[in-house]
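Just query.txt here, compact mmCIF, C-alpha atoms:
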```
# COMPACT_ATOMS: atom_id res chain seq x y z
CA MET A 582 9.67 -8.02 16.90
CA SER A 583 6.13 -8.50 15.70
CA SER A 584 5.33 -11.56 13.65
CA ASN A 585 3.79 -9.37 10.97
CA ARG A 586 7.02 -7.56 10.29
CA ARG A 587 8.61 -8.10 6.90
CA ILE A 588 11.99 -6.95 5.71
CA LYS A 589 11.39 -4.03 3.35
CA VAL A 590 13.92 -3.42 0.61
CA LEU A 591 14.13 -0.48 -1.75
CA VAL A 592 15.83 -1.46 -5.00
CA ALA A 593 16.97 1.70 -6.75
CA LYS A 594 18.73 2.61 -9.98
CA PRO A 595 20.51 5.93 -9.49
CA GLY A 596 21.62 8.17 -12.32
CA LEU A 597 21.65 7.76 -16.05
CA ASP A 598 21.76 4.04 -16.51
CA SER A 599 19.20 2.14 -18.52
CA HIS A 600 20.24 -1.39 -17.59
CA ASP A 601 17.88 -2.74 -15.00
CA ARG A 602 17.97 -6.46 -15.64
CA GLY A 603 20.21 -7.03 -12.66
CA ALA A 604 18.07 -4.84 -10.43
CA LYS A 605 14.92 -6.72 -11.41
CA ILE A 606 16.54 -10.11 -10.86
CA ILE A 607 17.75 -9.18 -7.41
CA ALA A 608 14.34 -7.68 -6.63
CA ARG A 609 12.75 -11.02 -7.48
CA ALA A 610 15.23 -12.88 -5.33
CA PHE A 611 14.34 -10.68 -2.36
CA ARG A 612 10.63 -11.16 -3.01
CA ASP A 613 11.02 -14.93 -3.25
CA ALA A 614 12.88 -14.81 0.05
CA GLY A 615 9.73 -13.34 1.62
CA MET A 616 10.76 -9.69 1.61
CA GLU A 617 8.71 -6.73 0.42
CA VAL A 618 10.53 -5.04 -2.41
CA ILE A 619 9.85 -1.56 -3.66
CA TYR A 620 11.31 -0.86 -7.07
CA THR A 621 11.88 2.76 -8.09
CA GLY A 622 12.53 2.40 -11.80
CA LEU A 623 15.33 4.00 -13.77
CA GLY A 624 16.99 7.38 -13.60
CA GLN A 625 16.58 8.22 -9.93
CA THR A 626 18.31 11.20 -8.36
CA PRO A 627 19.90 10.78 -4.91
CA GLU A 628 17.16 13.04 -3.54
CA GLN A 629 14.38 10.89 -5.00
CA ILE A 630 15.96 7.74 -3.59
CA ALA A 631 16.29 9.23 -0.11
CA VAL A 632 12.67 10.47 -0.16
CA ALA A 633 11.42 7.04 -1.28
CA ALA A 634 13.48 5.40 1.49
CA LEU A 635 11.92 7.74 4.04
CA GLN A 636 8.31 7.37 2.88
CA GLU A 637 8.52 3.60 2.57
CA ASP A 638 10.27 3.19 5.95
CA ILE A 639 12.63 0.60 4.51
CA ASP A 640 15.16 -1.65 6.25
CA VAL A 641 17.46 -2.13 3.29
CA LEU A 642 18.54 0.04 0.36
CA ALA A 643 19.94 -1.92 -2.58
CA LEU A 644 21.57 0.28 -5.23
CA SER A 645 22.29 -1.05 -8.68
CA ILE A 646 24.58 0.83 -11.00
CA LEU A 647 26.37 0.00 -14.23
CA SER A 648 27.12 3.46 -15.56
CA GLY A 649 30.46 4.00 -13.86
CA ALA A 650 29.21 7.01 -11.91
CA HIS A 651 28.95 5.08 -8.65
CA MET A 652 31.40 7.20 -6.68
CA PRO A 653 29.62 10.58 -6.94
CA LEU A 654 26.12 9.07 -6.91
CA PHE A 655 26.63 6.73 -3.96
CA THR A 656 28.35 9.53 -2.05
CA ALA A 657 25.42 11.87 -2.67
CA ILE A 658 22.88 9.20 -1.70
CA MET A 659 24.66 8.44 1.58
CA GLU A 660 24.73 12.15 2.36
CA ARG A 661 21.00 12.56 1.72
CA MET A 662 20.26 9.51 3.85
CA ARG A 663 22.33 10.88 6.71
CA GLU A 664 20.65 14.29 6.49
CA ARG A 665 17.31 12.59 7.02
CA GLY A 666 18.50 10.53 9.94
CA MET A 667 18.47 7.23 8.11
CA SER A 668 21.94 6.02 8.98
CA ASP A 669 20.55 2.82 10.48
CA ILE A 670 19.42 1.51 7.10
CA LEU A 671 21.49 -1.28 5.61
CA VAL A 672 22.85 -0.06 2.27
CA ILE A 673 24.31 -2.44 -0.30
CA GLY A 674 25.44 -1.92 -3.88
CA GLY A 675 25.73 -4.00 -7.01
CA GLY A 676 27.05 -3.58 -10.52
CA ILE A 677 30.36 -3.02 -12.23
CA ILE A 678 32.45 -1.50 -9.47
CA PRO A 679 36.25 -1.80 -9.31
CA ASP A 680 37.73 -3.22 -6.09
CA GLU A 681 39.48 -0.01 -5.10
CA ASP A 682 36.22 1.91 -5.44
CA ALA A 683 34.42 -0.76 -3.45
CA LEU A 684 36.84 -0.13 -0.59
CA GLU A 685 36.12 3.58 -0.68
CA LEU A 686 32.38 2.96 -0.78
CA LYS A 687 32.59 0.76 2.31
CA LYS A 688 34.18 3.67 4.13
CA LEU A 689 31.11 5.71 3.19
CA GLY A 690 28.93 3.19 4.98
CA ILE A 691 27.88 0.97 2.09
CA ARG A 692 28.12 -2.36 3.79
CA ALA A 693 28.72 -4.64 0.82
CA ILE A 694 29.30 -4.46 -2.91
CA PHE A 695 28.20 -7.41 -5.02
CA GLY A 696 29.79 -7.75 -8.43
CA PRO A 697 28.52 -9.60 -11.50
CA GLY A 698 28.10 -13.33 -10.98
CA THR A 699 27.40 -13.15 -7.24
CA PRO A 700 25.00 -15.98 -6.34
CA LEU A 701 21.59 -14.55 -5.40
CA ASP A 702 21.50 -16.63 -2.20
CA GLU A 703 24.62 -14.91 -1.04
CA VAL A 704 23.03 -11.46 -1.33
CA VAL A 705 19.82 -12.62 0.36
CA ARG A 706 21.79 -14.23 3.18
CA PHE A 707 23.87 -11.09 3.67
CA VAL A 708 20.73 -8.98 3.97
CA ARG A 709 19.11 -11.37 6.44
CA GLU A 710 22.19 -11.47 8.63
CA ASN A 711 22.91 -7.77 8.61
CA VAL A 712 19.53 -6.05 8.62
CA ASN A 713 18.81 -4.05 11.77
CA MET B 223 -2.47 8.90 32.81
CA PRO B 224 -1.00 5.56 31.82
CA GLU B 225 1.49 3.97 34.21
CA ASP B 226 4.11 2.93 31.71
CA GLY B 227 5.58 6.39 31.26
CA SER B 228 8.44 5.85 28.83
CA ALA B 229 6.74 3.86 26.07
CA VAL B 230 3.67 6.03 26.12
CA THR B 231 5.58 9.28 25.81
CA GLU B 232 7.22 7.90 22.71
CA ILE B 233 3.85 7.19 21.14
CA ASP B 234 2.50 10.60 22.19
CA GLU B 235 5.49 12.25 20.60
CA LEU B 236 5.10 10.23 17.43
CA VAL B 237 1.43 11.12 17.17
CA GLU B 238 2.14 14.80 17.78
CA LYS B 239 4.66 14.85 14.94
CA VAL B 240 2.31 12.94 12.65
CA LEU B 241 -0.30 15.63 13.24
CA LYS B 242 2.29 18.23 12.22
CA GLY B 243 2.90 16.28 9.02
CA ASP B 244 6.46 15.17 9.80
CA GLN B 245 7.29 12.73 7.00
CA ARG B 246 9.49 10.42 9.00
CA CYS B 247 6.93 10.06 11.77
CA VAL B 248 4.09 9.53 9.31
CA SER B 249 6.18 6.79 7.76
CA ARG B 250 6.95 5.19 11.13
CA ALA B 251 3.34 5.34 12.27
CA ILE B 252 2.26 3.58 9.09
CA THR B 253 4.81 0.83 9.68
CA LEU B 254 3.62 0.36 13.26
CA ILE B 255 0.03 -0.05 12.09
CA GLU B 256 0.94 -2.24 9.14
CA ASN B 257 2.91 -4.61 11.34
CA GLY B 258 0.40 -4.57 14.16
CA SER B 259 3.30 -3.72 16.45
CA PRO B 260 2.87 -2.77 20.10
CA GLY B 261 1.56 0.76 20.17
CA ALA B 262 -0.36 0.46 16.91
CA ARG B 263 -3.77 0.50 18.57
CA GLU B 264 -2.80 3.47 20.65
CA VAL B 265 -1.59 5.38 17.62
CA ILE B 266 -4.91 4.67 15.92
CA ALA B 267 -6.84 5.77 18.99
CA LEU B 268 -4.90 9.02 19.28
CA LEU B 269 -5.07 9.87 15.59
CA PHE B 270 -8.71 8.96 15.12
CA PRO B 271 -10.19 12.25 16.40
CA HIS B 272 -8.13 14.10 13.79
CA THR B 273 -9.47 12.21 10.80
CA GLY B 274 -12.34 12.75 8.40
CA ARG B 275 -10.96 15.90 6.81
CA ALA B 276 -9.25 14.49 3.71
CA ALA B 277 -11.05 13.56 0.53
CA THR B 278 -10.35 9.86 0.07
CA ILE B 279 -10.36 8.49 -3.45
CA GLY B 280 -9.96 4.84 -4.39
CA ILE B 281 -8.74 3.89 -7.85
CA THR B 282 -9.27 0.29 -8.84
CA GLY B 283 -9.19 -1.81 -11.99
CA SER B 284 -7.38 -4.73 -13.58
CA ALA B 285 -3.61 -4.92 -13.84
CA GLY B 286 -2.26 -2.93 -16.75
CA VAL B 287 -5.30 -0.71 -17.14
CA GLY B 288 -3.22 2.38 -16.32
CA LYS B 289 -3.95 3.05 -12.64
CA SER B 290 -0.51 4.25 -11.58
CA THR B 291 -0.19 6.44 -14.65
CA LEU B 292 -3.55 8.05 -13.98
CA VAL B 293 -2.77 8.52 -10.30
CA GLU B 294 0.44 10.31 -11.22
CA LYS B 295 -1.48 12.71 -13.45
CA LEU B 296 -4.19 13.26 -10.85
CA VAL B 297 -1.59 14.11 -8.23
CA ARG B 298 0.12 16.61 -10.55
CA GLU B 299 -3.18 18.33 -11.23
CA LEU B 300 -4.04 18.45 -7.52
CA ARG B 301 -0.63 19.85 -6.72
CA GLU B 302 -1.17 22.63 -9.20
CA GLU B 303 -4.27 23.54 -7.26
CA GLY B 304 -2.09 23.69 -4.18
CA LYS B 305 -3.53 20.56 -2.55
CA THR B 306 -1.33 18.18 -0.58
CA VAL B 307 -1.73 14.53 -1.49
CA GLY B 308 -1.11 11.14 0.07
CA VAL B 309 -0.93 8.08 -2.16
CA ILE B 310 -1.21 4.47 -1.02
CA ALA B 311 -0.30 2.02 -3.76
CA VAL B 312 -1.32 -1.56 -3.06
CA ASP B 313 0.21 -4.61 -4.76
CA PRO B 314 -0.36 -8.28 -3.96
CA SER B 315 1.84 -10.35 -1.67
CA SER B 316 2.99 -13.69 -3.00
CA PRO B 317 0.95 -16.44 -1.33
CA PHE B 318 4.01 -18.67 -1.55
CA SER B 319 6.88 -16.66 -0.13
CA GLY B 320 4.89 -13.89 1.56
CA GLY B 321 7.13 -11.44 -0.23
CA ALA B 322 5.96 -8.77 -2.63
CA PHE B 323 7.16 -6.74 -5.57
CA LEU B 324 5.82 -3.22 -5.23
CA GLY B 325 6.37 -1.40 -8.49
CA ASP B 326 3.90 1.47 -8.53
CA ARG B 327 6.52 4.06 -7.68
CA VAL B 328 8.03 3.50 -11.12
CA ARG B 329 5.15 5.41 -12.70
CA MET B 330 5.18 8.05 -10.01
CA GLN B 331 8.87 8.94 -10.14
CA GLY B 332 8.32 12.58 -10.96
CA LEU B 333 6.38 13.09 -7.75
CA SER B 334 8.77 11.75 -5.21
CA ALA B 335 10.84 14.87 -4.59
CA ASP B 336 7.73 16.99 -3.94
CA GLU B 337 7.28 17.74 -0.23
CA GLY B 338 3.53 18.00 -0.68
CA VAL B 339 3.20 14.41 -1.81
CA PHE B 340 3.61 11.31 0.33
CA ILE B 341 3.66 7.97 -1.47
CA ARG B 342 3.55 4.68 0.36
CA SER B 343 3.53 1.20 -1.17
CA MET B 344 1.64 -1.55 0.63
CA ALA B 345 1.56 -5.30 0.12
CA THR B 346 -1.73 -7.11 0.67
CA ARG B 347 -0.06 -9.43 3.22
CA GLY B 348 -2.33 -12.00 4.87
CA SER B 349 -5.46 -10.90 3.10
CA HIS B 350 -6.06 -13.30 0.23
CA GLY B 351 -6.41 -11.44 -3.02
CA GLY B 352 -8.12 -8.52 -1.36
CA LEU B 353 -6.76 -5.45 0.31
CA PRO B 354 -4.44 -5.19 3.28
CA LYS B 355 -6.42 -5.39 6.52
CA THR B 356 -4.82 -2.23 7.80
CA LEU B 357 -5.52 -0.16 4.67
CA SER B 358 -8.18 2.14 6.07
CA TYR B 359 -6.03 2.85 9.13
CA VAL B 360 -3.03 3.70 6.99
CA ALA B 361 -5.25 6.09 5.01
CA MET B 362 -6.28 7.56 8.35
CA VAL B 363 -2.67 8.38 9.21
CA LEU B 364 -2.29 10.40 6.00
CA ASP B 365 -5.61 12.11 6.68
CA ALA B 366 -4.58 13.01 10.23
CA ALA B 367 -1.20 14.23 8.92
CA GLY B 368 -3.09 16.92 7.04
CA LYS B 369 -3.14 15.64 3.48
CA ASP B 370 -6.01 17.29 1.60
CA VAL B 371 -6.52 14.29 -0.64
CA VAL B 372 -5.67 10.62 -0.07
CA ILE B 373 -5.59 8.40 -3.15
CA ILE B 374 -5.62 4.62 -2.75
CA GLU B 375 -4.59 2.56 -5.74
CA THR B 376 -5.47 -1.12 -5.74
CA VAL B 377 -5.29 -4.07 -8.07
CA GLY B 378 -8.78 -5.02 -9.10
CA ALA B 379 -9.17 -8.67 -8.34
CA GLY B 380 -12.96 -8.73 -8.42
CA GLN B 381 -15.21 -9.26 -5.46
CA SER B 382 -12.75 -8.55 -2.72
CA GLU B 383 -12.48 -5.02 -4.04
CA VAL B 384 -15.68 -4.20 -2.23
CA GLU B 385 -13.27 -3.55 0.63
CA ILE B 386 -12.13 -0.36 -1.09
CA MET B 387 -15.46 1.21 -0.16
CA LYS B 388 -14.40 1.07 3.46
CA ALA B 389 -11.19 2.99 2.91
CA ALA B 390 -12.30 5.45 0.22
CA GLU B 391 -15.31 7.72 -0.05
CA THR B 392 -15.14 8.12 -3.81
CA VAL B 393 -14.37 4.95 -5.76
CA VAL B 394 -13.13 5.21 -9.34
CA VAL B 395 -13.25 2.00 -11.37
CA MET B 396 -10.94 1.91 -14.38
CA LEU B 397 -11.43 -0.08 -17.57
CA SER B 398 -9.79 -0.07 -20.95
CA PRO B 399 -11.12 -0.90 -24.42
CA GLY B 400 -10.89 -4.45 -25.64
CA MET B 401 -11.74 -5.97 -22.30
CA GLY B 402 -15.06 -7.30 -23.64
CA ASP B 403 -15.59 -10.41 -21.61
CA GLU B 404 -13.87 -8.93 -18.68
CA ILE B 405 -16.55 -6.31 -18.40
CA GLN B 406 -19.01 -9.15 -17.99
CA ALA B 407 -16.93 -10.54 -15.18
CA LEU B 408 -16.63 -7.13 -13.59
CA LYS B 409 -20.36 -6.89 -13.24
CA ALA B 410 -20.15 -9.01 -10.13
CA GLY B 411 -18.40 -6.63 -7.80
CA MET B 412 -17.10 -3.63 -9.64
CA MET B 413 -20.30 -2.20 -11.01
CA GLU B 414 -21.69 -1.80 -7.53
CA ILE B 415 -18.67 -0.15 -6.02
CA GLY B 416 -17.86 2.43 -8.70
CA ASP B 417 -18.94 6.02 -8.08
CA ILE B 418 -17.16 7.04 -11.25
CA PHE B 419 -16.06 4.90 -14.18
CA VAL B 420 -13.03 5.66 -16.31
CA VAL B 421 -12.39 4.20 -19.73
CA ASN B 422 -8.65 4.69 -20.11
CA LYS B 423 -6.58 4.33 -23.29
CA ALA B 424 -9.46 6.07 -25.03
CA ASP B 425 -7.38 6.52 -28.17
CA ARG B 426 -7.68 2.81 -28.81
CA PRO B 427 -10.28 1.40 -31.15
CA ASN B 428 -13.54 0.40 -29.48
CA ALA B 429 -13.23 2.97 -26.70
CA ASP B 430 -16.73 4.27 -27.41
CA ARG B 431 -18.04 0.74 -27.47
CA THR B 432 -16.60 0.17 -23.98
CA VAL B 433 -18.18 3.39 -22.74
CA LEU B 434 -21.51 2.18 -24.08
CA ASP B 435 -21.07 -1.23 -22.46
CA VAL B 436 -20.39 0.35 -19.09
CA ARG B 437 -23.32 2.74 -19.44
CA SER B 438 -25.73 -0.05 -20.30
CA MET B 439 -24.47 -2.07 -17.36
CA LEU B 440 -25.00 0.93 -15.10
CA ASN B 441 -28.55 1.26 -16.32
CA MET B 442 -29.30 -1.97 -14.54
CA LYS B 443 -28.04 -0.56 -11.30
CA THR B 444 -30.41 0.92 -8.80
CA GLU B 445 -29.56 4.48 -7.95
CA ASP B 446 -27.81 5.07 -4.70
CA TRP B 447 -28.81 8.32 -3.01
CA GLY B 448 -29.56 9.93 -6.32
CA TRP B 449 -26.08 9.52 -7.78
CA ARG B 450 -25.67 8.24 -11.31
CA PRO B 451 -22.06 7.15 -11.89
CA PRO B 452 -20.58 9.08 -14.81
CA VAL B 453 -18.27 7.46 -17.35
CA VAL B 454 -15.14 9.49 -18.20
CA LYS B 455 -12.80 8.82 -21.10
CA THR B 456 -9.08 9.33 -20.43
CA ILE B 457 -5.71 8.88 -22.07
CA ALA B 458 -3.74 8.82 -18.83
CA LEU B 459 -0.34 8.70 -20.48
CA GLU B 460 -1.02 12.08 -22.09
CA GLY B 461 -3.02 13.50 -19.24
CA GLU B 462 -6.14 13.71 -21.35
CA GLY B 463 -9.44 13.62 -19.50
CA VAL B 464 -7.76 14.06 -16.12
CA GLU B 465 -9.31 17.46 -15.46
CA GLU B 466 -12.69 16.11 -16.39
CA LEU B 467 -12.20 13.21 -14.00
CA LEU B 468 -11.28 15.61 -11.21
CA ASP B 469 -14.42 17.60 -11.91
CA GLU B 470 -16.48 14.44 -11.54
CA ILE B 471 -14.68 13.56 -8.33
CA ARG B 472 -15.49 17.01 -6.98
CA ARG B 473 -19.08 16.66 -8.10
CA HIS B 474 -19.25 13.35 -6.25
CA ARG B 475 -17.82 14.95 -3.11
CA GLU B 476 -20.53 17.59 -3.28
CA HIS B 477 -23.14 14.91 -3.69
CA LEU B 478 -21.73 13.07 -0.67
CA SER B 479 -21.85 16.15 1.50
CA SER B 480 -25.58 16.37 0.92
CA GLY B 481 -26.25 13.44 3.23
CA ALA B 482 -24.81 10.40 1.50
CA LEU B 483 -21.47 10.83 3.24
CA ASP B 484 -23.00 10.43 6.68
CA GLU B 485 -24.64 7.22 5.59
CA ARG B 486 -21.39 5.95 4.08
CA ARG B 487 -19.46 6.77 7.23
CA ARG B 488 -22.10 5.13 9.37
CA ARG B 489 -21.90 1.94 7.31
CA ARG B 490 -18.14 2.04 7.45
CA ALA B 491 -18.01 2.58 11.20
CA GLU B 492 -20.43 -0.31 11.68
CA SER B 493 -18.51 -2.71 9.48
CA GLU B 494 -15.23 -1.73 11.11
CA VAL B 495 -16.44 -2.31 14.62
CA VAL B 496 -18.11 -5.58 13.62
CA GLU B 497 -14.89 -6.73 12.04
CA ALA B 498 -12.84 -5.72 15.06
CA ILE B 499 -15.20 -7.56 17.40
CA GLY B 500 -14.98 -10.69 15.28
CA GLN B 501 -11.22 -10.52 15.21
CA ARG B 502 -10.76 -9.86 18.92
CA ALA B 503 -13.33 -12.46 19.92
CA THR B 504 -11.70 -15.10 17.74
CA GLU B 505 -8.27 -14.25 19.12
CA ARG B 506 -9.47 -14.49 22.70
CA ILE B 507 -11.47 -17.67 22.32
CA LEU B 508 -8.72 -19.44 20.43
CA SER B 509 -5.98 -18.54 22.85
CA ASP B 510 -8.20 -19.80 25.66
CA LEU B 511 -8.92 -23.07 23.88
CA ARG B 512 -5.26 -23.56 23.08
CA ARG B 513 -4.09 -22.84 26.59
CA SER B 514 -6.59 -25.20 28.20
CA GLY B 515 -5.77 -27.93 25.68
CA ARG B 516 -9.40 -28.15 24.67
CA LEU B 517 -8.67 -27.33 21.06
CA GLU B 518 -6.30 -30.26 20.78
CA GLU B 519 -8.75 -32.51 22.55
CA THR B 520 -11.50 -31.48 20.14
CA VAL B 521 -9.31 -32.08 17.12
CA ARG B 522 -8.60 -35.55 18.44
CA ARG B 523 -12.31 -36.27 18.84
CA ILE B 524 -12.98 -35.10 15.29
CA LEU B 525 -10.23 -37.37 13.97
CA ALA B 526 -11.73 -40.25 15.91
CA LEU B 527 -15.08 -39.44 14.23
CA GLU B 528 -16.70 -38.89 17.62
CA THR B 529 -17.94 -35.49 16.50
CA ASP B 530 -17.84 -33.24 13.44
CA PRO B 531 -16.17 -29.80 13.27
CA TYR B 532 -19.45 -27.84 13.29
CA SER B 533 -21.01 -29.63 16.24
CA ALA B 534 -17.72 -29.38 18.08
CA ALA B 535 -17.54 -25.63 17.45
CA ASP B 536 -21.12 -25.10 18.68
CA GLU B 537 -20.41 -27.13 21.76
CA LEU B 538 -17.21 -25.26 22.60
CA LEU B 539 -18.83 -21.88 22.04
CA ALA B 540 -21.82 -22.77 24.17
CA GLN B 541 -19.48 -23.83 26.99
CA MET B 542 -17.46 -20.63 26.74
CA LEU B 543 -20.42 -18.30 26.63
CA LYS B 544 -21.85 -19.93 29.72
CA ALA B 545 -18.61 -19.51 31.61
```
Please express what this file holds, its structure, as structure tokens.
Amino acid sequence: MSSNRRIKVLVAKPGLDSHDRGAKIIARAFRDAGMEVIYTGLGQTPEQIAVAALQEDIDVLALSILSGAHMPLFTAIMERMRERGMSDILVIGGGIIPDEDALELKKLGIRAIFGPGTPLDEVVRFVRENVN
Amino acid sequence: MPEDGSAVTEIDELVEKVLKGDQRCVSRAITLIENGSPGAREVIALLFPHTGRAATIGITGSAGVGKSTLVEKLVRELREEGKTVGVIAVDPSSPFSGGAFLGDRVRMQGLSADEGVFIRSMATRGSHGGLPKTLSYVAMVLDAAGKDVVIIETVGAGQSEVEIMKAAETVVVMLSPGMGDEIQALKAGMMEIGDIFVVNKADRPNADRTVLDVRSMLNMKTEDWGWRPPVVKTIALEGEGVEELLDEIRRHREHLSSGALDERRRRRAESEVVEAIGQRATERILSDLRRSGRLEETVRRILALETDPYSAADELLAQMLKA
């Protein structure tokens, strides 16, 4: 691996959800950990997220969602990522997501779900240890 | 043909797909170059003959002046004309963590699902306050991939912005009203690099005053190849003035094609090769000095006050050039 390589993370807010405090805080934590963070802003469709992931050649996709629509949105995002041959990207999620849904999401290939109150270090460490 | 068959084929294949405009390969080629990974130089060498076709436009100005918003509107307008567009949005790396927050996509959301637009964010990385060292090569990838227009958006940090002239053939400098003193400060580097000036947020009070300030500053500038930089008023958020700006950009392209472009490209080629020589020479000399232990030895002598850094450097260089 080249010394100039940096972990690139796309922090995305899918769907109709106007709460991006959490997303911005986690984005800062990644930046302060030396990663390059691309933030998409609010109201992203699964298609837009997948295109951004492709164009930015990211290592990690961090999805933040508080609207309750995580099941259909995350499913659609994973599908779009697969279609474009980006199954090797580490995908994680955060927000208000019930445990039983979290289990389902892991089956879809979302590697970890971080609920409210998760220490930032824990998320950063997870990304460092699991990034391809 | 190269001996190392497998690795080279991979690069050849990548380059071939980049030339066809394959998004994933364009993206991967950019990463290779950005990281200086093995193969990067080869990718550059193979793509280079296919460059020089795209119109390259640099947009620079202070943070918050409205660059991303204007770029979004420019891209929309260009798309309506049927042009394909590449956008490189540069944001600074943190000097402390080395990380970066790249937020320009937020203002360009509406563009991301359009196949004819390729947006890439770039952090400045090792380059202090300036532009990423690989910027012009990344722009080259988008050019070679067949984009009709490549727009480079950078944070205006003053002097170091002169670098934008290397990557872009038309440089647009953005200002907004109420920047009074800042305009004074901009004189240093920005006035010289701007081919076109934009006063954004023109619905604000004092917009005309700012236009006047810029014009009077430009009057002090010597004309470069018979081009007088125009000043365009825009309200980027509402798309006002964007068509006019595009007209000026086109007018500048026409001006360039009447001889100035050759001169610009010559200057750029020269500065690029000079820079590359400096970089390679430094790398080689330093690795030699480190390996032989002479660097350490010299540092020790400097600490012991037996010599000073400049004399030591001259001495070492003289020895190496003789060898």
Notebook entry, point to check: Using all atoms listed in the file, which residues sit within 10 Å of Val632 of chain A once same-chain residues fewer than 6 positions away are excluded, as a count of residues only?
Noted result: 13
Note to self: Set the distance at 10 Å and use only C-alpha atoms: which residues neighbour Ala643 of chain A once local chain neighbours fewer than 6 positions away are removed? I'd like the list as a list in words.
What the structure shows: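 Returned residues: Val590, Leu591, Val592, Ala593, Lys594, Ala604, Ile607, Ala608, Val618, Tyr620, Leu671, Val672, Ile673, Gly674, Gly675, Ile691, Ala693, Ile694 and Val708 of chain A.
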Margin query: Taking only C-alpha atoms into account, name the residue in B:Gly338, B:Gly463, B:Gly274, B:Gly280 that is nearest to chain A.
Written below: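 Nearest candidate to chain A out of B:Gly338, B:Gly463, B:Gly274, B:Gly280: B:Gly338.
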Check: By how many Å are atom CA of Leu642 of chain A and atom CA of Ile670 of chain A apart?
Finding: 7.0 Å
Check: What residues in chain B lie within 6 Å of chain A, counting all atoms listed in the file, written as a list of chain:residue names?
Finding: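 Result: B:Ser249, B:Asn257, B:Ser259, B:Ser319, B:Gly320, B:Gly321, B:Ala322, B:Phe323, B:Leu324, B:Gly325, B:Arg327, B:Val328, B:Ser334, B:Ala335, B:Arg342.
Taking atom CA of Ile415 of chain B and atom CA of Ala367 of chain B as endpoints, the distance between them is 27.1 Å.
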Next item on the list: In the coordinate frame of the file, compute which residues have an atom within 7 Å of (28.6, -5.5, -11.0) when using all atoms listed in the file, and state them as a list in words.
Entry: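 Returned residue set, sorted by chain then number, is Leu647, Gly675, Gly676, Ile677, Ile678, Phe695, Gly696 and Pro697 of chain A.
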Restricted to C-alpha atoms, what would the selected residues look like written as a PDB file, in the frame of the given file?
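This went into selection-v6.pdb:
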```
ATOM      1  CA  LEU A 647      26.370   0.000 -14.230  1.00  0.00           C
ATOM      2  CA  GLY A 675      25.730  -4.000  -7.010  1.00  0.00           C
ATOM      3  CA  GLY A 676      27.050  -3.580 -10.520  1.00  0.00           C
ATOM      4  CA  ILE A 677      30.360  -3.020 -12.230  1.00  0.00           C
ATOM      5  CA  ILE A 678      32.450  -1.500  -9.470  1.00  0.00           C
ATOM      6  CA  PHE A 695      28.200  -7.410  -5.020  1.00  0.00           C
ATOM      7  CA  GLY A 696      29.790  -7.750  -8.430  1.00  0.00           C
ATOM      8  CA  PRO A 697      28.520  -9.600 -11.500  1.00  0.00           C
TER       9      PRO A 697
END
```
Can you fill out segment 513-523 of chain B with N, CA and C atoms and hand it back as a PDB file, keeping the file's coordinate frame?
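Final file, part-v2.pdb:
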```pdb
ATOM      1  N   ARG B 513      -4.739 -22.771  25.289  1.00  0.00           N
ATOM      2  CA  ARG B 513      -4.090 -22.840  26.590  1.00  0.00           C
ATOM      3  C   ARG B 513      -4.649 -23.996  27.410  1.00  0.00           C
ATOM      4  N   SER B 514      -5.971 -24.161  27.373  1.00  0.00           N
ATOM      5  CA  SER B 514      -6.590 -25.200  28.200  1.00  0.00           C
ATOM      6  C   SER B 514      -6.448 -26.583  27.563  1.00  0.00           C
ATOM      7  N   GLY B 515      -5.938 -26.642  26.329  1.00  0.00           N
ATOM      8  CA  GLY B 515      -5.770 -27.930  25.680  1.00  0.00           C
ATOM      9  C   GLY B 515      -7.059 -28.468  25.072  1.00  0.00           C
ATOM     10  N   ARG B 516      -8.129 -27.648  25.178  1.00  0.00           N
ATOM     11  CA  ARG B 516      -9.400 -28.150  24.670  1.00  0.00           C
ATOM     12  C   ARG B 516      -9.461 -28.197  23.143  1.00  0.00           C
ATOM     13  N   LEU B 517      -8.693 -27.327  22.526  1.00  0.00           N
ATOM     14  CA  LEU B 517      -8.670 -27.330  21.060  1.00  0.00           C
ATOM     15  C   LEU B 517      -8.083 -28.649  20.564  1.00  0.00           C
ATOM     16  N   GLU B 518      -6.964 -29.025  21.173  1.00  0.00           N
ATOM     17  CA  GLU B 518      -6.300 -30.260  20.780  1.00  0.00           C
ATOM     18  C   GLU B 518      -7.207 -31.469  21.017  1.00  0.00           C
ATOM     19  N   GLU B 519      -7.847 -31.429  22.163  1.00  0.00           N
ATOM     20  CA  GLU B 519      -8.750 -32.510  22.550  1.00  0.00           C
ATOM     21  C   GLU B 519      -9.890 -32.628  21.529  1.00  0.00           C
ATOM     22  N   THR B 520     -10.411 -31.474  21.113  1.00  0.00           N
ATOM     23  CA  THR B 520     -11.500 -31.480  20.140  1.00  0.00           C
ATOM     24  C   THR B 520     -11.037 -32.026  18.793  1.00  0.00           C
ATOM     25  N   VAL B 521      -9.851 -31.599  18.385  1.00  0.00           N
ATOM     26  CA  VAL B 521      -9.310 -32.080  17.120  1.00  0.00           C
ATOM     27  C   VAL B 521      -9.182 -33.602  17.154  1.00  0.00           C
ATOM     28  N   ARG B 522      -8.754 -34.105  18.283  1.00  0.00           N
ATOM     29  CA  ARG B 522      -8.600 -35.550  18.440  1.00  0.00           C
ATOM     30  C   ARG B 522      -9.948 -36.260  18.291  1.00  0.00           C
ATOM     31  N   ARG B 523     -10.967 -35.664  18.918  1.00  0.00           N
ATOM     32  CA  ARG B 523     -12.310 -36.270  18.840  1.00  0.00           C
ATOM     33  C   ARG B 523     -12.852 -36.253  17.404  1.00  0.00           C
TER      34      ARG B 523
END
```
